[in-house]
Amino acid sequence: MNTNNEPISLKESVAKPIFSITPFTLLDYPHKSACILWFAGCNMRCLYCYNPEIVLGKGKISFEKVLSFLQSRKNLLDAVVFSGGECLLHKNILSLIEEIKNLGFSIKIDTNGSRPDVLQKLIKNQVIDYVALDFKAIPSSFERITQSQLFPPFEKSLHLLIESGISFEVRTTVHSDLINETELRMMIDYLKKKHYNGNYYIQYFVNEVPTLEKLGYSSRELNNKNLSTAKIEVHFRG
């Protein structure tokens, strides 16, 4: 049910905001079985993005079909992951999350942090259980890498999550031509100064896949580096 205690109406959700559904994953929500809802569209154009068909494409699946699918997965899945694109851009996202939460699923949000207003409402309504926050770059490189000026909203989202007490992780996708070791250490220092305590996941760029911009080969030279601090545990993925 939504905040007005009324089901999402057919008229409100005729649009099809969801590009596709991954029906089962054990990798995207820590210690839970989940499905992933991939929302079309994004307000960033990250050079390394390897979901161009989702970012630039149009949705194919309505909220009604998602709810029907999830009804059939009750007691089979633990959680639903909202990803994209940027899932928090979409109209009715608050109502949809509340509707799915009321079905008994845990909720994880993958977000670039550009919608702290929506994130704040979700936190206030206590309908999200876990968040993966993308930390794209240090401020001086942020616009070049994301083709956006959305670092201030990201910073506000980080602050909201730290203050909220909700379980969350910070993650960064690294292409060696875009983020070097010095910049990555600056990002870790930034998180330290913001009093972030927890896991920081470094996701290596996947070579030889379609991306928004044509990029060269990305090396993986950071593996042997000890980047963790007393309160920030750095992990490598990919």
# chains A, B, ... in the order shown; residues from 1 in each chain; ligands from 1
>>> closest_atom_pairs(of="segment 168-206 of chain A", to="segment 30-52 of chain A", cutoff="9 Å", atoms="only C-alpha atoms", output="tab-separated table")
residue	atom	partner	partner_atom	distance
A:Thr173	CA	A:Tyr48	CA	8.2
A:Val174	CA	A:Tyr48	CA	8.6
A:His175	CA	A:Tyr48	CA	7.2
A:Leu178	CA	A:Tyr48	CA	8.8
A:Phe205	CA	A:Tyr48	CA	7.3
A:Val206	CA	A:Tyr50	CA	8.0
>>> residues_around(residues="Ile109 of chain A", least_positions_apart="4", cutoff="8 Å", atoms="only C-alpha atoms", output="list in words")
Val81, Phe82, Ser83, Cys87, Ile128, Tyr130, Val131 and Ala132 of chain A
>>> atom_distance(atom1="atom CA of Pro153 of chain A", atom2="atom CA of Leu212 of chain A")
22.7 Å
>>> closest_residue(among="A:Val170, A:Ile61, A:Ile97, A:Leu56", to="Ser20 of chain A", atoms="only C-alpha atoms")
A:Ile61
>>> atom_distance(atom1="atom CA of Glu155 of chain A", atom2="atom CA of Lys231 of chain A")
19.2 Å
>>> select_by_dssp(residues="segment 5-204 of chain A", states="strand (DSSP E or B)", output="MDAnalysis selection string")
chainID A and resid 18:25 34:39 61 79:84 106:111 130:134 167:174 198:204
>>> write_last_selection(atoms="C-alpha atoms", output="PDB file, in the first residue's frame")
ATOM      1  CA  ILE A  18      11.443  -1.147 -15.483  1.00  0.00           C
ATOM      2  CA  PHE A  19      13.792  -2.306 -18.207  1.00  0.00           C
ATOM      3  CA  SER A  20      14.159  -5.902 -17.022  1.00  0.00           C
ATOM      4  CA  ILE A  21      14.054  -8.233 -14.030  1.00  0.00           C
ATOM      5  CA  THR A  22      16.786 -10.566 -12.834  1.00  0.00           C
ATOM      6  CA  PRO A  23      14.613 -13.214 -11.168  1.00  0.00           C
ATOM      7  CA  PHE A  24      17.227 -14.646  -8.808  1.00  0.00           C
ATOM      8  CA  THR A  25      20.586 -13.634  -7.355  1.00  0.00           C
ATOM      9  CA  ALA A  34      16.858 -11.645  -4.121  1.00  0.00           C
ATOM     10  CA  CYS A  35      15.598 -10.484  -7.480  1.00  0.00           C
ATOM     11  CA  ILE A  36      16.722  -7.273  -9.184  1.00  0.00           C
ATOM     12  CA  LEU A  37      14.469  -4.649 -10.760  1.00  0.00           C
ATOM     13  CA  TRP A  38      16.452  -2.717 -13.379  1.00  0.00           C
ATOM     14  CA  PHE A  39      14.955   0.752 -13.848  1.00  0.00           C
ATOM     15  CA  ILE A  61       7.716  -3.726 -17.584  1.00  0.00           C
ATOM     16  CA  ALA A  79      14.597  -9.469  -0.851  1.00  0.00           C
ATOM     17  CA  VAL A  80      14.123  -7.123  -3.802  1.00  0.00           C
ATOM     18  CA  VAL A  81      16.964  -5.001  -5.172  1.00  0.00           C
ATOM     19  CA  PHE A  82      16.071  -1.717  -6.884  1.00  0.00           C
ATOM     20  CA  SER A  83      18.787  -0.860  -9.401  1.00  0.00           C
ATOM     21  CA  GLY A  84      19.274   0.768 -12.799  1.00  0.00           C
ATOM     22  CA  SER A 106      13.594  -6.820   2.480  1.00  0.00           C
ATOM     23  CA  ILE A 107      14.466  -3.831   0.291  1.00  0.00           C
ATOM     24  CA  LYS A 108      17.871  -2.852  -1.071  1.00  0.00           C
ATOM     25  CA  ILE A 109      18.487   0.310  -3.078  1.00  0.00           C
ATOM     26  CA  ASP A 110      21.364   0.793  -5.535  1.00  0.00           C
ATOM     27  CA  THR A 111      21.733   4.543  -6.010  1.00  0.00           C
ATOM     28  CA  TYR A 130      20.127  -1.820   2.843  1.00  0.00           C
ATOM     29  CA  VAL A 131      21.674   0.708   0.450  1.00  0.00           C
ATOM     30  CA  ALA A 132      24.595   0.517  -1.975  1.00  0.00           C
ATOM     31  CA  LEU A 133      25.796   4.072  -2.600  1.00  0.00           C
ATOM     32  CA  ASP A 134      27.948   4.730  -5.662  1.00  0.00           C
ATOM     33  CA  SER A 167      23.018  -0.709   6.845  1.00  0.00           C
ATOM     34  CA  PHE A 168      24.794   0.517   3.739  1.00  0.00           C
ATOM     35  CA  GLU A 169      27.942   0.164   1.707  1.00  0.00           C
ATOM     36  CA  VAL A 170      29.919   2.573  -0.444  1.00  0.00           C
ATOM     37  CA  ARG A 171      31.274   1.372  -3.771  1.00  0.00           C
ATOM     38  CA  THR A 172      33.329   2.751  -6.637  1.00  0.00           C
ATOM     39  CA  THR A 173      33.837   1.422 -10.154  1.00  0.00           C
ATOM     40  CA  VAL A 174      37.465   1.923 -11.156  1.00  0.00           C
ATOM     41  CA  GLY A 198      32.220   0.254   7.119  1.00  0.00           C
ATOM     42  CA  ASN A 199      32.941  -1.562   3.882  1.00  0.00           C
ATOM     43  CA  TYR A 200      34.200   0.245   0.796  1.00  0.00           C
ATOM     44  CA  TYR A 201      33.968  -1.907  -2.325  1.00  0.00           C
ATOM     45  CA  ILE A 202      36.219  -1.240  -5.309  1.00  0.00           C
ATOM     46  CA  GLN A 203      34.606  -2.700  -8.414  1.00  0.00           C
ATOM     47  CA  TYR A 204      37.001  -3.186 -11.287  1.00  0.00           C
TER      48      TYR A 204
END
>>> residues_around(residues="Asn197 of chain A", least_positions_apart="4", cutoff="12 Å", atoms="only C-alpha atoms", output="VMD selection string")
chain A and resid 158 161 to 163 165 167 to 170 188 to 193 228 to 234
>>> closest_residue(among="A:Val118, A:Leu150, A:Leu77, A:Leu70", to="Ile93 of chain A", atoms="only C-alpha atoms")
A:Val118
>>> select_by_dssp(residues="segment 11-184 of chain A", states="alpha helix (DSSP H)", output="NGL selection string")
:A and (52-56 or 63-71 or 93-101 or 116-124 or 139-146 or 151-164 or 181-184)
>>> residues_around(residues="Asn224 of chain A", least_positions_apart="2", cutoff="12 Å", atoms="only C-alpha atoms", output="list in words")
Glu181, Arg220, Glu221, Leu222, Asn226, Leu227, Ser228, Val234, His235 and Phe236 of chain A
>>> write_last_selection(atoms="C-alpha atoms", output="short mmCIF file (atom, residue, chain, number, x, y, z; two decimals), in the first residue's frame")
data_model
loop_
_atom_site.label_atom_id
_atom_site.label_comp_id
_atom_site.auth_asym_id
_atom_site.auth_seq_id
_atom_site.Cartn_x
_atom_site.Cartn_y
_atom_site.Cartn_z
CA GLU A 181 45.72 5.13 -6.96
CA ARG A 220 43.97 -4.11 -12.18
CA GLU A 221 47.10 -2.94 -10.45
CA LEU A 222 45.52 -2.14 -7.08
CA ASN A 226 46.62 -2.16 1.39
CA LEU A 227 44.06 0.63 1.26
CA SER A 228 42.04 -0.13 4.38
CA VAL A 234 38.46 -1.84 1.43
CA HIS A 235 37.41 -4.87 -0.63
CA PHE A 236 38.00 -5.58 -4.31
#
>>> closest_residue(among="A:Asp177, A:Glu183, A:Asp117, A:Glu99", to="Ser140 of chain A", atoms="only C-alpha atoms")
A:Glu183
>>> closest_residue(among="A:Arg237, A:Lys156, A:Lys214, A:His195", to="Pro116 of chain A", atoms="only C-alpha atoms")
A:Lys156
>>> atom_distance(atom1="atom CA of Pro17 of chain A", atom2="atom CA of Asn112 of chain A")
17.6 Å
>>> closest_residue(among="A:Ala15, A:Leu94, A:Ile123, A:Leu27", to="Ser62 of chain A", atoms="only C-alpha atoms")
A:Ala15
>>> closest_residue(among="A:Lys60, A:Arg185, A:Lys225, A:Arg73", to="Phe105 of chain A", atoms="only C-alpha atoms")
A:Arg73
